[in-house]
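Printed here is entry.tsv (TSV, C-alpha atoms):
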```tsv
chain	number	residue	atom	x	y	z
A	23	MET	CA	50.91	78.52	131.45
A	24	VAL	CA	52.34	77.12	128.24
A	25	PHE	CA	50.52	77.83	124.98
A	26	THR	CA	50.89	75.30	122.18
A	27	GLY	CA	49.22	74.46	118.89
A	28	THR	CA	48.27	76.12	115.64
A	29	PHE	CA	44.70	77.20	114.95
A	30	GLU	CA	43.38	78.66	111.70
A	31	HIS	CA	40.79	81.36	112.33
A	32	THR	CA	39.18	84.40	110.75
A	33	ILE	CA	38.89	87.93	112.09
A	34	ASP	CA	35.27	88.86	111.43
A	35	PRO	CA	34.07	92.27	110.11
A	36	LYS	CA	33.58	93.46	113.72
A	37	ASN	CA	37.26	92.65	114.48
A	38	ARG	CA	36.32	89.67	116.63
A	39	LEU	CA	38.61	86.66	116.89
A	40	ALA	CA	37.52	83.31	118.34
A	41	ILE	CA	39.82	81.89	120.98
A	42	PRO	CA	40.04	78.08	120.66
A	43	SER	CA	38.04	76.15	123.25
A	44	ASP	CA	41.06	74.31	124.64
A	45	VAL	CA	42.87	77.64	125.14
A	46	ARG	CA	39.79	79.03	126.91
A	47	ALA	CA	39.73	75.96	129.17
A	48	GLN	CA	43.41	76.47	129.94
A	49	LEU	CA	42.78	80.16	130.77
A	50	ARG	CA	39.86	79.20	132.98
A	51	ARG	CA	41.93	76.63	134.88
A	52	GLN	CA	44.80	79.06	135.39
A	53	SER	CA	42.58	81.89	136.59
A	54	LYS	CA	40.44	79.48	138.64
A	55	ALA	CA	37.41	81.22	137.10
A	56	GLY	CA	34.02	79.58	137.22
A	57	ASP	CA	32.03	78.88	134.06
A	58	ASP	CA	30.00	82.07	134.54
A	59	GLU	CA	33.02	84.33	135.17
A	60	THR	CA	34.46	86.49	132.38
A	61	LEU	CA	37.89	85.61	131.01
A	62	ALA	CA	40.28	88.24	129.67
A	63	MET	CA	43.54	88.43	127.76
A	64	TYR	CA	46.01	91.17	126.90
A	65	VAL	CA	46.62	92.07	123.26
A	66	MET	CA	49.95	93.60	122.26
A	67	LEU	CA	51.55	94.59	119.01
A	68	GLY	CA	54.08	91.93	118.00
A	69	ASP	CA	56.96	91.89	115.59
A	70	GLY	CA	56.65	91.64	111.81
A	71	GLY	CA	52.94	92.34	111.45
A	72	THR	CA	51.67	90.17	114.28
A	73	LEU	CA	49.67	90.53	117.46
A	74	CYS	CA	50.47	88.77	120.73
A	75	LEU	CA	47.87	87.48	123.19
A	76	TYR	CA	48.81	86.96	126.84
A	77	SER	CA	46.89	85.55	129.76
A	78	GLU	CA	46.42	88.12	132.52
A	79	SER	CA	49.02	86.44	134.74
A	80	GLY	CA	51.36	86.00	131.76
A	81	PHE	CA	51.17	89.71	130.98
A	82	GLU	CA	51.86	90.59	134.61
A	83	LYS	CA	54.85	88.23	134.64
A	84	ARG	CA	56.22	89.82	131.47
A	85	ALA	CA	55.84	93.26	133.07
A	86	GLU	CA	57.72	92.10	136.17
A	87	GLN	CA	60.54	90.68	134.03
A	88	LEU	CA	61.28	94.18	132.77
A	89	ASP	CA	62.92	94.83	136.16
A	90	GLU	CA	65.67	92.44	134.97
A	91	SER	CA	66.08	94.13	131.58
A	92	GLU	CA	69.54	94.73	130.14
A	93	LEU	CA	68.32	97.87	128.36
A	94	ASP	CA	69.60	101.18	129.65
A	95	ASP	CA	67.05	103.35	131.47
A	96	ASP	CA	66.14	105.49	128.44
A	97	GLU	CA	65.64	102.48	126.14
A	98	LEU	CA	63.61	100.69	128.79
A	99	PHE	CA	61.43	103.75	129.33
A	100	GLU	CA	60.74	103.99	125.58
A	101	TYR	CA	59.92	100.27	125.38
A	102	GLU	CA	57.61	100.45	128.41
A	103	GLN	CA	55.78	103.46	126.97
A	104	LEU	CA	55.07	101.54	123.78
A	105	MET	CA	54.40	98.19	125.40
A	106	PHE	CA	51.97	99.43	128.04
A	107	GLY	CA	50.60	102.27	125.93
A	108	LEU	CA	49.58	99.95	123.10
A	109	ALA	CA	48.59	96.88	125.13
A	110	ARG	CA	44.89	96.36	125.77
A	111	ARG	CA	42.99	94.11	128.13
A	112	VAL	CA	40.12	92.47	126.23
A	113	GLU	CA	37.38	90.26	127.64
A	114	LEU	CA	36.12	87.13	125.98
A	115	ASP	CA	32.43	87.26	125.09
A	116	LYS	CA	29.96	84.41	125.69
A	117	GLN	CA	31.00	82.79	122.38
A	118	GLY	CA	34.69	82.83	123.37
A	119	ARG	CA	35.71	85.72	121.10
A	120	ILE	CA	37.80	88.79	121.77
A	121	ARG	CA	37.46	92.08	119.94
A	122	LEU	CA	40.83	93.13	118.59
A	123	PRO	CA	41.51	96.86	119.07
A	124	ASP	CA	41.20	98.85	115.83
A	125	ASN	CA	44.54	100.62	116.27
A	126	LEU	CA	46.47	97.38	116.81
A	127	LEU	CA	44.83	95.71	113.81
A	128	LYS	CA	45.66	98.72	111.67
A	129	MET	CA	49.30	98.77	112.86
A	130	SER	CA	49.75	95.01	112.38
A	131	LYS	CA	48.11	95.04	108.93
A	132	LEU	CA	46.73	91.55	109.58
A	133	PRO	CA	44.24	90.22	107.04
A	134	SER	CA	41.06	88.43	108.07
A	135	GLU	CA	42.56	84.96	107.44
A	136	VAL	CA	44.91	84.38	110.39
A	137	VAL	CA	46.54	81.63	112.37
A	138	LEU	CA	46.94	81.53	116.15
A	139	VAL	CA	50.27	79.98	117.09
A	140	GLY	CA	51.11	78.89	120.62
A	141	VAL	CA	54.54	80.32	121.48
A	142	ARG	CA	55.18	79.12	125.01
A	143	ASP	CA	54.05	82.08	127.15
A	144	HIS	CA	51.75	83.72	124.58
A	145	ILE	CA	49.76	83.20	121.41
A	146	LYS	CA	50.91	84.93	118.26
A	147	VAL	CA	48.27	86.01	115.73
A	148	ARG	CA	49.85	85.88	112.26
A	149	ASP	CA	48.87	86.17	108.62
A	150	ARG	CA	47.92	82.60	107.70
A	151	GLY	CA	49.51	82.35	104.24
A	152	PRO	CA	53.04	83.48	105.12
A	153	TRP	CA	52.98	81.36	108.31
A	154	LEU	CA	52.12	78.16	106.43
A	155	GLU	CA	54.79	78.96	103.82
A	156	TYR	CA	57.34	79.60	106.59
A	157	VAL	CA	56.62	76.27	108.30
A	158	GLU	CA	56.83	74.33	105.04
A	159	LYS	CA	60.05	76.02	103.92
A	160	THR	CA	61.73	75.80	107.32
A	161	LEU	CA	61.01	72.09	107.68
A	162	ALA	CA	62.10	71.38	104.10
A	163	ASP	CA	65.33	73.41	104.43
A	164	ASN	CA	66.18	72.13	107.90
A	165	PRO	CA	64.67	68.70	108.59
A	166	GLN	CA	66.65	68.53	111.86
A	167	MET	CA	64.66	71.51	113.21
A	168	MET	CA	62.30	69.19	115.05
A	169	MET	CA	65.09	67.28	116.77
A	170	ASN	CA	64.57	65.34	119.93
A	171	PRO	CA	63.64	67.91	122.63
A	172	ARG	CA	66.00	66.28	125.12
A	173	ARG	CA	68.86	66.94	122.73
A	174	ALA	CA	67.85	70.60	122.49
A	175	MET	CA	67.79	70.89	126.28
A	176	ARG	CA	71.21	69.26	126.63
A	177	LYS	CA	72.70	71.79	124.21
A	178	ARG	CA	71.17	74.70	126.09
A	179	ASN	CA	72.31	73.31	129.45
A	180	LYS	CA	75.87	72.81	128.14
A	181	ARG	CA	76.01	76.44	126.88
A	182	ALA	CA	74.68	77.73	130.20
A	183	GLY	CA	77.30	75.71	132.08
A	184	ALA	CA	80.05	77.10	129.84
A	185	GLY	CA	79.08	80.66	130.76
A	186	GLU	CA	77.67	81.57	127.35
```
Could you express the structure from this file as structure tokens?
Amino acid sequence: MVFTGTFEHTIDPKNRLAIPSDVRAQLRRQSKAGDDETLAMYVMLGDGGTLCLYSESGFEKRAEQLDESELDDDELFEYEQLMFGLARRVELDKQGRIRLPDNLLKMSKLPSEVVLVGVRDHIKVRDRGPWLEYVEKTLADNPQMMMNPRRAMRKRNKRAGAGE
């Protein structure tokens, strides 16, 4: 599952966050859930004051990838304690909202005005203001950032072939 798009949302006073309808449809297709079946996601603490939302299968895949980690055993154990200890499975309610865990909201320090950003295998929940400033500044400072995707893939493939 590939998550894309940017969606401006608000975390309500009960810590609920609406998941966009097209994301819910994507989750439903992936899980092969019927319209009356409950959907769920995993919420994790992200970097720099963010939260990350994973589909159930995406979270399981991420967990499996830890078997390939380059971290030494002690570092990996510490990471796994934090990752799994802080992650929470949350179900979407009938209105397509999830309730963000109090402890993760407190740790992330997210305000109520947020943006959901599709980041390939997950959705990142970020503070809306700094995200919009970041996008504007990055595109202004580096207009080539949004280069032709084929060109980006060729560069990556060349590096991989060179053993980098």
Taking only residues of segment 29-95 of chain A that have an atom at most 7 Å from an atom of segment 114-138 of chain A, what is each one's shortest atom pair and its distance in Å to one decimal, using only C-alpha atoms, in chain and number order, as a tab-separated table?
```
residue	atom	partner	partner_atom	distance
A:Phe29	CA	A:Leu138	CA	5.0
A:Glu30	CA	A:Val137	CA	4.4
A:His31	CA	A:Val136	CA	5.5
A:Thr32	CA	A:Glu135	CA	4.8
A:Ile33	CA	A:Ser134	CA	4.6
A:Asp34	CA	A:Ser134	CA	6.7
A:Asn37	CA	A:Leu122	CA	5.5
A:Arg38	CA	A:Arg121	CA	4.3
A:Leu39	CA	A:Arg119	CA	5.2
A:Ala40	CA	A:Arg119	CA	4.1
A:Ile41	CA	A:Arg119	CA	5.6
A:Thr60	CA	A:Leu114	CA	6.6
A:Leu61	CA	A:Leu114	CA	5.5
A:Ala62	CA	A:Leu114	CA	5.7
A:Leu67	CA	A:Leu126	CA	6.2
A:Gly71	CA	A:Ser130	CA	4.3
A:Thr72	CA	A:Ser130	CA	5.5
A:Leu73	CA	A:Ser130	CA	6.8
```
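Take the candidates A:Leu108, A:Met23, A:Leu98, A:Met169 and check each one against Ser79 of chain A using all atoms listed in the file; the shortest distance goes to A:Met23.
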### Residue contacts of segment 140-157 of chain A (6 Å, only C-alpha atoms) excluding same-chain residues fewer than 6 positions away, as a list in words
Val24, Phe25, Thr26, Gly27, Thr72, Leu73, Cys74, Leu75, Tyr76 and Leu132 of chain A
### Message
Which residue is closest to Glu59 of chain A? Choose from A:Glu113, A:Ala162, A:Glu86, A:Glu78 and count all atoms listed in the file.
### Response
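With all atoms listed in the file as the atom set, the closest residue is A:Glu113.
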### Task
Can you work out the spacing between atom CA of Gln52 of chain A and atom CA of Tyr101 of chain A in Å, to one decimal?
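Here the two named atoms are 27.9 Å from each other.
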### Query
From the set A:Leu49, A:Met168, A:Met105, A:Met175, which residue has the shortest atom-to-atom contact distance to Arg84 of chain A, counting all atoms listed in the file?
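Smallest distance to Arg84 of chain A is found for A:Met105.
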### Message
Rounded to one decimal, what separation in Å do you get between atom CA of Glu158 of chain A and atom CA of Pro171 of chain A?
### Response
19.9 Å
### Query
Rounded to one decimal in Å, what is the spacing between atom CA of Pro35 of chain A and atom CA of Ala109 of chain A?
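Spanning atom CA of Pro35 of chain A to atom CA of Ala109 of chain A is a straight-line distance of 21.4 Å.
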